[in-house]
Structure formats: structure tokens, C-alpha cells
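File shown: work34.pdb. Contents: PDB, C-alpha atoms and all ligand atoms.
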ATOM      1  CA  MET A   1      26.468 -32.130  41.701
ATOM      2  CA  ALA A   2      24.126 -29.656  40.015
ATOM      3  CA  ARG A   3      23.775 -32.069  37.083
ATOM      4  CA  ALA A   4      22.948 -34.959  39.389
ATOM      5  CA  TYR A   5      20.124 -32.959  40.985
ATOM      6  CA  ALA A   6      18.908 -31.833  37.570
ATOM      7  CA  GLU A   7      18.616 -35.506  36.584
ATOM      8  CA  LEU A   8      16.839 -36.406  39.808
ATOM      9  CA  PHE A   9      14.350 -33.572  39.375
ATOM     10  CA  ALA A  10      13.917 -33.945  35.609
ATOM     11  CA  GLY A  11      10.163 -34.356  36.067
ATOM     12  CA  LEU A  12       9.848 -30.716  37.114
ATOM     13  CA  ARG A  13      10.748 -29.659  33.571
ATOM     14  CA  VAL A  14       8.098 -31.801  31.886
ATOM     15  CA  ASP A  15       4.430 -30.877  31.679
ATOM     16  CA  PRO A  16       2.753 -34.173  32.720
ATOM     17  CA  ALA A  17      -0.171 -33.426  30.404
ATOM     18  CA  THR A  18       2.136 -33.841  27.388
ATOM     19  CA  VAL A  19       2.725 -37.475  28.341
ATOM     20  CA  LEU A  20      -0.843 -38.505  27.608
ATOM     21  CA  THR A  21      -1.189 -37.100  24.124
ATOM     22  CA  THR A  22      -1.093 -40.552  22.470
ATOM     23  CA  THR A  23      -4.554 -42.097  22.465
ATOM     24  CA  PHE A  24      -6.050 -44.730  20.162
ATOM     25  CA  GLU A  25      -9.490 -45.743  18.995
ATOM     26  CA  ALA A  26      -9.952 -49.259  20.365
ATOM     27  CA  ASN A  27     -13.611 -49.489  21.211
ATOM     28  CA  HIS A  28     -12.488 -51.024  24.495
ATOM     29  CA  GLU A  29     -14.765 -50.499  27.455
ATOM     30  CA  GLU A  30     -13.220 -52.872  29.996
ATOM     31  CA  LEU A  31     -10.433 -52.455  32.525
ATOM     32  CA  VAL A  32      -6.875 -51.843  31.309
ATOM     33  CA  LEU A  33      -4.282 -52.459  34.017
ATOM     34  CA  VAL A  34      -0.498 -52.147  34.026
ATOM     35  CA  ARG A  35       1.005 -53.704  37.123
ATOM     36  CA  ASP A  36       4.467 -53.615  38.728
ATOM     37  CA  ILE A  37       5.753 -50.373  37.213
ATOM     38  CA  ASP A  38       9.051 -49.575  38.916
ATOM     39  CA  VAL A  39       8.872 -46.358  40.981
ATOM     40  CA  MET A  40      11.856 -44.410  42.253
ATOM     41  CA  SER A  41      11.290 -41.051  43.856
ATOM     42  CA  LEU A  42      12.682 -38.775  46.530
ATOM     43  CA  CYS A  43      11.022 -38.042  49.832
ATOM     44  CA  GLU A  44      10.624 -34.276  49.994
ATOM     45  CA  HIS A  45      11.364 -34.175  53.724
ATOM     46  CA  HIS A  46      14.782 -35.856  53.706
ATOM     47  CA  LEU A  47      15.684 -36.038  49.988
ATOM     48  CA  LEU A  48      16.178 -39.773  50.460
ATOM     49  CA  PRO A  49      14.794 -42.268  47.930
ATOM     50  CA  PHE A  50      11.625 -44.230  48.158
ATOM     51  CA  ARG A  51      11.230 -47.149  45.804
ATOM     52  CA  GLY A  52       8.672 -49.736  44.874
ATOM     53  CA  SER A  53       5.912 -50.484  42.391
ATOM     54  CA  ALA A  54       2.978 -48.687  40.867
ATOM     55  CA  HIS A  55      -0.121 -50.384  39.527
ATOM     56  CA  ILE A  56      -2.378 -48.302  37.295
ATOM     57  CA  GLY A  57      -5.757 -49.301  35.940
ATOM     58  CA  TYR A  58      -8.487 -47.450  34.082
ATOM     59  CA  ILE A  59     -11.802 -48.165  32.431
ATOM     60  CA  PRO A  60     -11.956 -46.223  29.146
ATOM     61  CA  GLY A  61     -14.651 -43.635  28.647
ATOM     62  CA  PRO A  62     -17.728 -44.089  26.426
ATOM     63  CA  ASP A  63     -15.597 -43.254  23.352
ATOM     64  CA  GLY A  64     -13.565 -46.423  24.039
ATOM     65  CA  ARG A  65     -10.274 -44.551  23.600
ATOM     66  CA  ILE A  66      -7.162 -46.004  25.211
ATOM     67  CA  THR A  67      -3.668 -44.646  25.765
ATOM     68  CA  GLY A  68      -0.300 -46.260  25.048
ATOM     69  CA  LEU A  69       0.778 -48.620  27.809
ATOM     70  CA  SER A  70       4.202 -46.979  28.102
ATOM     71  CA  LYS A  71       2.500 -43.630  28.700
ATOM     72  CA  LEU A  72       1.239 -44.889  32.061
ATOM     73  CA  ALA A  73       4.811 -45.699  33.086
ATOM     74  CA  ARG A  74       6.003 -42.355  31.685
ATOM     75  CA  LEU A  75       3.418 -40.589  33.823
ATOM     76  CA  VAL A  76       4.788 -42.295  36.933
ATOM     77  CA  GLU A  77       8.289 -41.237  35.928
ATOM     78  CA  VAL A  78       7.400 -37.559  35.386
ATOM     79  CA  TYR A  79       5.704 -37.218  38.763
ATOM     80  CA  ALA A  80       8.313 -39.355  40.575
ATOM     81  CA  ARG A  81      11.254 -37.266  39.311
ATOM     82  CA  ARG A  82      10.573 -34.485  41.757
ATOM     83  CA  PRO A  83      10.549 -34.257  45.547
ATOM     84  CA  GLN A  84       7.406 -36.058  46.619
ATOM     85  CA  VAL A  85       5.293 -37.590  49.301
ATOM     86  CA  GLN A  86       3.871 -40.946  48.272
ATOM     87  CA  GLU A  87       0.249 -39.894  48.797
ATOM     88  CA  ARG A  88       0.575 -36.897  46.443
ATOM     89  CA  LEU A  89       2.414 -38.937  43.813
ATOM     90  CA  THR A  90      -0.440 -41.468  43.865
ATOM     91  CA  SER A  91      -3.236 -38.927  43.512
ATOM     92  CA  GLN A  92      -1.428 -36.815  40.882
ATOM     93  CA  ILE A  93      -1.225 -39.853  38.599
ATOM     94  CA  ALA A  94      -4.927 -40.647  39.100
ATOM     95  CA  ASP A  95      -6.066 -37.044  38.632
ATOM     96  CA  LEU A  96      -4.099 -36.466  35.445
ATOM     97  CA  LEU A  97      -5.486 -39.669  33.927
ATOM     98  CA  MET A  98      -9.032 -38.566  34.792
ATOM     99  CA  ASP A  99      -8.373 -35.141  33.363
ATOM    100  CA  ARG A 100      -6.661 -36.064  30.077
ATOM    101  CA  LEU A 101      -8.141 -39.440  29.157
ATOM    102  CA  ALA A 102     -11.661 -38.885  30.530
ATOM    103  CA  PRO A 103     -12.014 -42.550  31.483
ATOM    104  CA  ARG A 104     -14.966 -43.981  33.408
ATOM    105  CA  GLY A 105     -12.664 -44.705  36.323
ATOM    106  CA  VAL A 106      -9.082 -44.923  37.510
ATOM    107  CA  VAL A 107      -7.254 -46.861  40.193
ATOM    108  CA  VAL A 108      -3.652 -46.196  41.191
ATOM    109  CA  VAL A 109      -1.876 -48.213  43.883
ATOM    110  CA  LEU A 110       1.713 -47.576  44.991
ATOM    111  CA  GLU A 111       3.736 -49.833  47.276
ATOM    112  CA  CYS A 112       7.064 -48.323  48.325
ATOM    113  CA  GLU A 113       9.836 -48.646  50.856
ATOM    114  CA  HIS A 114      11.150 -45.318  52.177
ATOM    115  CA  MET A 115      14.856 -45.003  52.855
ATOM    116  CA  CYS A 116      14.136 -42.201  55.323
ATOM    117  CA  MET A 117      12.566 -44.892  57.542
ATOM    118  CA  ALA A 118      15.276 -47.485  56.817
ATOM    119  CA  MET A 119      18.583 -45.562  56.863
ATOM    120  CA  ARG A 120      17.845 -42.990  59.547
ATOM    121  CA  GLY A 121      15.230 -42.074  62.116
ATOM    122  CA  ILE A 122      13.365 -45.176  63.242
ATOM    123  CA  GLN A 123      15.661 -47.408  61.078
ATOM    124  CA  LYS A 124      13.094 -50.003  60.092
ATOM    125  CA  SER A 125      13.916 -51.538  56.730
ATOM    126  CA  GLY A 126      11.400 -53.593  54.800
ATOM    127  CA  ALA A 127       8.331 -51.615  55.849
ATOM    128  CA  LYS A 128       6.081 -51.002  52.833
ATOM    129  CA  THR A 129       3.745 -48.046  52.503
ATOM    130  CA  ILE A 130       0.699 -48.712  50.359
ATOM    131  CA  THR A 131      -1.336 -45.815  48.986
ATOM    132  CA  SER A 132      -4.277 -45.797  46.623
ATOM    133  CA  ALA A 133      -6.208 -43.238  44.628
ATOM    134  CA  VAL A 134      -9.500 -44.384  43.142
ATOM    135  CA  ARG A 135     -11.657 -42.211  40.923
ATOM    136  CA  GLY A 136     -14.917 -42.332  38.974
ATOM    137  CA  THR A 137     -16.851 -45.574  38.648
ATOM    138  CA  LEU A 138     -14.077 -47.534  40.348
ATOM    139  CA  GLN A 139     -14.614 -45.367  43.413
ATOM    140  CA  ARG A 140     -18.407 -45.647  43.322
ATOM    141  CA  ASP A 141     -18.790 -49.308  42.409
ATOM    142  CA  ALA A 142     -17.396 -51.690  45.039
ATOM    143  CA  LYS A 143     -17.590 -54.704  42.706
ATOM    144  CA  SER A 144     -15.533 -53.082  39.922
ATOM    145  CA  ARG A 145     -13.053 -51.820  42.488
ATOM    146  CA  ALA A 146     -12.711 -55.290  44.023
ATOM    147  CA  GLU A 147     -12.103 -56.783  40.544
ATOM    148  CA  ALA A 148      -9.351 -54.257  39.847
ATOM    149  CA  MET A 149      -7.752 -54.816  43.258
ATOM    150  CA  ALA A 150      -7.836 -58.595  42.725
ATOM    151  CA  LEU A 151      -5.894 -58.143  39.473
ATOM    152  CA  ILE A 152      -3.394 -55.877  41.235
ATOM    153  CA  HIS A 153      -2.867 -58.372  44.051
ATOM    154  CA  PRO A 154      -3.714 -61.857  42.723
ATOM    155  CA  ARG A 155      -3.802 -64.566  45.385
TER     156      ARG A 155
HETATM  157  N1  LIG B   1      -2.878 -49.718  24.935
HETATM  158  C1  LIG B   1      -1.906 -50.376  24.316
HETATM  159  N2  LIG B   1      -0.779 -49.718  23.989
HETATM  160  C2  LIG B   1       0.192 -50.424  23.381
HETATM  161  C3  LIG B   1       0.098 -51.788  23.088
HETATM  162  N3  LIG B   1       1.243 -52.170  22.498
HETATM  163  C4  LIG B   1       2.033 -51.064  22.444
HETATM  164  N4  LIG B   1       1.404 -50.005  22.973
HETATM  165  C5  LIG B   1       1.809 -48.620  23.154
HETATM  166  O1  LIG B   1       1.633 -47.886  21.992
HETATM  167  C6  LIG B   1       2.239 -46.639  22.220
HETATM  168  C7  LIG B   1       2.761 -46.039  20.941
HETATM  169  O2  LIG B   1       3.051 -44.737  21.270
HETATM  170  P1  LIG B   1       3.956 -43.785  20.396
HETATM  171  O3  LIG B   1       4.105 -42.504  21.154
HETATM  172  O4  LIG B   1       3.381 -43.737  19.019
HETATM  173  O5  LIG B   1       5.294 -44.639  20.325
HETATM  174  P2  LIG B   1       6.679 -44.494  21.098
HETATM  175  O6  LIG B   1       7.287 -43.184  20.813
HETATM  176  O7  LIG B   1       7.469 -45.724  20.767
HETATM  177  O8  LIG B   1       6.251 -44.526  22.653
HETATM  178  P3  LIG B   1       7.140 -44.936  23.921
HETATM  179  O9  LIG B   1       7.066 -46.438  24.049
HETATM  180  O10 LIG B   1       6.469 -44.214  25.042
HETATM  181  O11 LIG B   1       8.554 -44.480  23.703
HETATM  182  C8  LIG B   1       3.284 -46.868  23.280
HETATM  183  O12 LIG B   1       2.849 -46.181  24.437
HETATM  184  C9  LIG B   1       3.243 -48.389  23.505
HETATM  185  O13 LIG B   1       3.532 -48.742  24.841
HETATM  186  C10 LIG B   1      -1.107 -52.455  23.448
HETATM  187  O14 LIG B   1      -1.303 -53.658  23.232
HETATM  188  N5  LIG B   1      -2.081 -51.701  24.064
END
Rewritten as C-alpha cells:
Amino acid sequence: MARAYAELFAGLRVDPATVLTTTFEANHEELVLVRDIDVMSLCEHHLLPFRGSAHIGYIPGPDGRITGLSKLARLVEVYARRPQVQERLTSQIADLLMDRLAPRGVVVVLECEHMCMAMRGIQKSGAKTITSAVRGTLQRDAKSRAEAMALIHPR
């Protein structure tokens, strides 16, 4: 039992900042977006899972440095492997990216179904909670934000 909880909460043992140590010179100044990253976390109120997808985009800073694509998914994993609320999970990912990669802007969108709403309580399965955290130029510039959102949710 103790081992199972240790596995579930493995993210508490990892410093999220260590995930973003791999960066590359790419001279890339446009949006980089990784969509449909699987998210599994635990609601901190009921210790029941919530599950869905994360979409993470950023516009590199003036130095044009990028990070490894897998590092974005690893960042989700580190913050998800701890008791969470979806809103905090979303903003922690955005804030760490801003802090460590110094990009021009960041957008993080999470879409999850919460078992605490499906299995107990109100017992509504299928309801999706969508949260976003937008930082930097993507927050200030409606056109850039709309472009990123259109790539996250193509019609
Ligand atoms: N930005 C970007 N990253 C890429 C691309 N192709 C591969 N990568 C990433 O390059 C990174 C290399 O990171 P390393 O830490 O050196 O390699 P690694 O140990 O295999 O990394 P993990 O995949 O996280 O296990 C990984 O994060 C890959 O996902 C690409 O086209 N663009």
C-alpha cells in the first residue's frame, strides 16, 4: 500500500525545475505546441483520479532557445504525480515554463474528467473541466492567443 502511494505521489520527490534543463539553440521564434499529452492526477479532496489531456504551447524567447518536446510531457507528469486541483496543475506548468525557459509566452490548456464527480457525489460521468493558463505575449496579444487556441482545438 505504502509503495502504491509512493508511486502515485512520485512527483513530490522531483524538483520540477530539473525537468527543463535540456534546451537547444534553434533560432526558432514561432509557436511550439505539443497537443494531447495524457494527464493522470489525483484530486486532492477525494484522492480520486482525474484524467484527460494537456496541450502546451510556447513562443521561444529572443534567444530562440527551445526545449525537448518530451520535457513538456515530463513537466506534466511531475506536477500531476501529486495531489492536485486542476487549476493549480495548469498554472504550475505555465509558471515553471516562464521561469526556466524565459519564452515570450506560454499557453497551457487541460481538459480532464474527474472521477470524484463521476463515481460519487453528483455522479455525472463525461463532464469535462477545461482550464487554461496563458502568460506573456500570448496573454497580451489576442491574435497570437487565438492562433494558439485554434491549433489546440482545430475545427
Ligand atoms: N524541440 C524538439 N525536441 C525534440 C525534437 N525531436 C526530439 N526532441 C527532444 O529532444 C530531447 C532530447 O533530450 P535528452 O534529455 O538529450 O534526451 P532523452 O534523455 O532521450 O530525453 P527523454 O525523451 O525525455 O527521455 C527530448 O526531449 C526529445 O523529445 C524536435 O523535433 N524538437
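Restricting the calculation to all atoms listed in the file, the smallest distance between Val14 (chain A) and any of A:Cys43, A:Val78, A:Met1, A:Ala73 is found for A:Val78.
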Which residues fall under the PyMOL selection byres (((chain A and resi 144) around 12) and not hetatm) in this file, as an mmCIF file with C-alpha atoms, keeping the file's coordinate frame?
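Saved result, part-v8.cif, follows:
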data_model
loop_
_atom_site.group_PDB
_atom_site.id
_atom_site.type_symbol
_atom_site.label_atom_id
_atom_site.label_comp_id
_atom_site.auth_asym_id
_atom_site.auth_seq_id
_atom_site.Cartn_x
_atom_site.Cartn_y
_atom_site.Cartn_z
ATOM 1 C CA GLU A 30 -13.220 -52.872 29.996
ATOM 2 C CA LEU A 31 -10.433 -52.455 32.525
ATOM 3 C CA GLY A 57 -5.757 -49.301 35.940
ATOM 4 C CA TYR A 58 -8.487 -47.450 34.082
ATOM 5 C CA ILE A 59 -11.802 -48.165 32.431
ATOM 6 C CA ARG A 104 -14.966 -43.981 33.408
ATOM 7 C CA GLY A 105 -12.664 -44.705 36.323
ATOM 8 C CA VAL A 106 -9.082 -44.923 37.510
ATOM 9 C CA VAL A 107 -7.254 -46.861 40.193
ATOM 10 C CA VAL A 134 -9.500 -44.384 43.142
ATOM 11 C CA ARG A 135 -11.657 -42.211 40.923
ATOM 12 C CA GLY A 136 -14.917 -42.332 38.974
ATOM 13 C CA THR A 137 -16.851 -45.574 38.648
ATOM 14 C CA LEU A 138 -14.077 -47.534 40.348
ATOM 15 C CA GLN A 139 -14.614 -45.367 43.413
ATOM 16 C CA ARG A 140 -18.407 -45.647 43.322
ATOM 17 C CA ASP A 141 -18.790 -49.308 42.409
ATOM 18 C CA ALA A 142 -17.396 -51.690 45.039
ATOM 19 C CA LYS A 143 -17.590 -54.704 42.706
ATOM 20 C CA ARG A 145 -13.053 -51.820 42.488
ATOM 21 C CA ALA A 146 -12.711 -55.290 44.023
ATOM 22 C CA GLU A 147 -12.103 -56.783 40.544
ATOM 23 C CA ALA A 148 -9.351 -54.257 39.847
ATOM 24 C CA MET A 149 -7.752 -54.816 43.258
ATOM 25 C CA ALA A 150 -7.836 -58.595 42.725
ATOM 26 C CA LEU A 151 -5.894 -58.143 39.473
#
**Request:** Excluding Gln86 (chain A) and any residue of its chain fewer than 2 positions from it, enumerate the residues within 12 Å of it, using only C-alpha atoms, and give them as a ChimeraX atom specification.
**Result:** /A:39-45,49-54,76,79-80,82-84,88-93,108-114,128-133
How close does each residue of chain A get to ligand LIG 1 (chain B), giving the shortest atom pair and distance in Å to one decimal for every residue with an atom at most 9 Å away, counting all atoms listed in the file, sorted by chain and residue number, as a tab-separated table?
residue	atom	partner	partner_atom	distance
A:Val19	CA	B:LIG1	O10	8.4
A:Thr21	CA	B:LIG1	O3	8.1
A:Thr22	CA	B:LIG1	O3	5.7
A:Thr23	CA	B:LIG1	O2	8.1
A:Phe24	CA	B:LIG1	N1	7.6
A:Ala26	CA	B:LIG1	N1	8.4
A:Val32	CA	B:LIG1	N1	7.8
A:Ile66	CA	B:LIG1	N1	5.7
A:Thr67	CA	B:LIG1	N1	5.2
A:Gly68	CA	B:LIG1	O12	3.2
A:Leu69	CA	B:LIG1	O13	4.1
A:Ser70	CA	B:LIG1	O13	3.8
A:Lys71	CA	B:LIG1	O12	5.0
A:Leu72	CA	B:LIG1	O12	7.9
A:Ala73	CA	B:LIG1	O10	8.3
A:Arg74	CA	B:LIG1	O10	6.9
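Picture a line from CA of Asp63 (chain A) to CA of Asn27 (chain A); it runs 6.9 Å.
Nearest to Leu75 (chain A) of all the residues A:Pro62, A:Gly121, A:Gly11, A:Gly126 is A:Gly11, counting all atoms listed in the file.
Between CA of Thr18 (chain A) and CA of Glu77 (chain A) there is a distance of 12.9 Å.
Note that the spacing between CA of Glu87 (chain A) and CA of Pro16 (chain A) amounts to 17.2 Å.
Of the residues listed (A:Met117, A:Ala17, A:Ala2, A:Val34), A:Ala17 shows the shortest atom-to-atom separation from Asp99 (chain A); distances use all atoms listed in the file.
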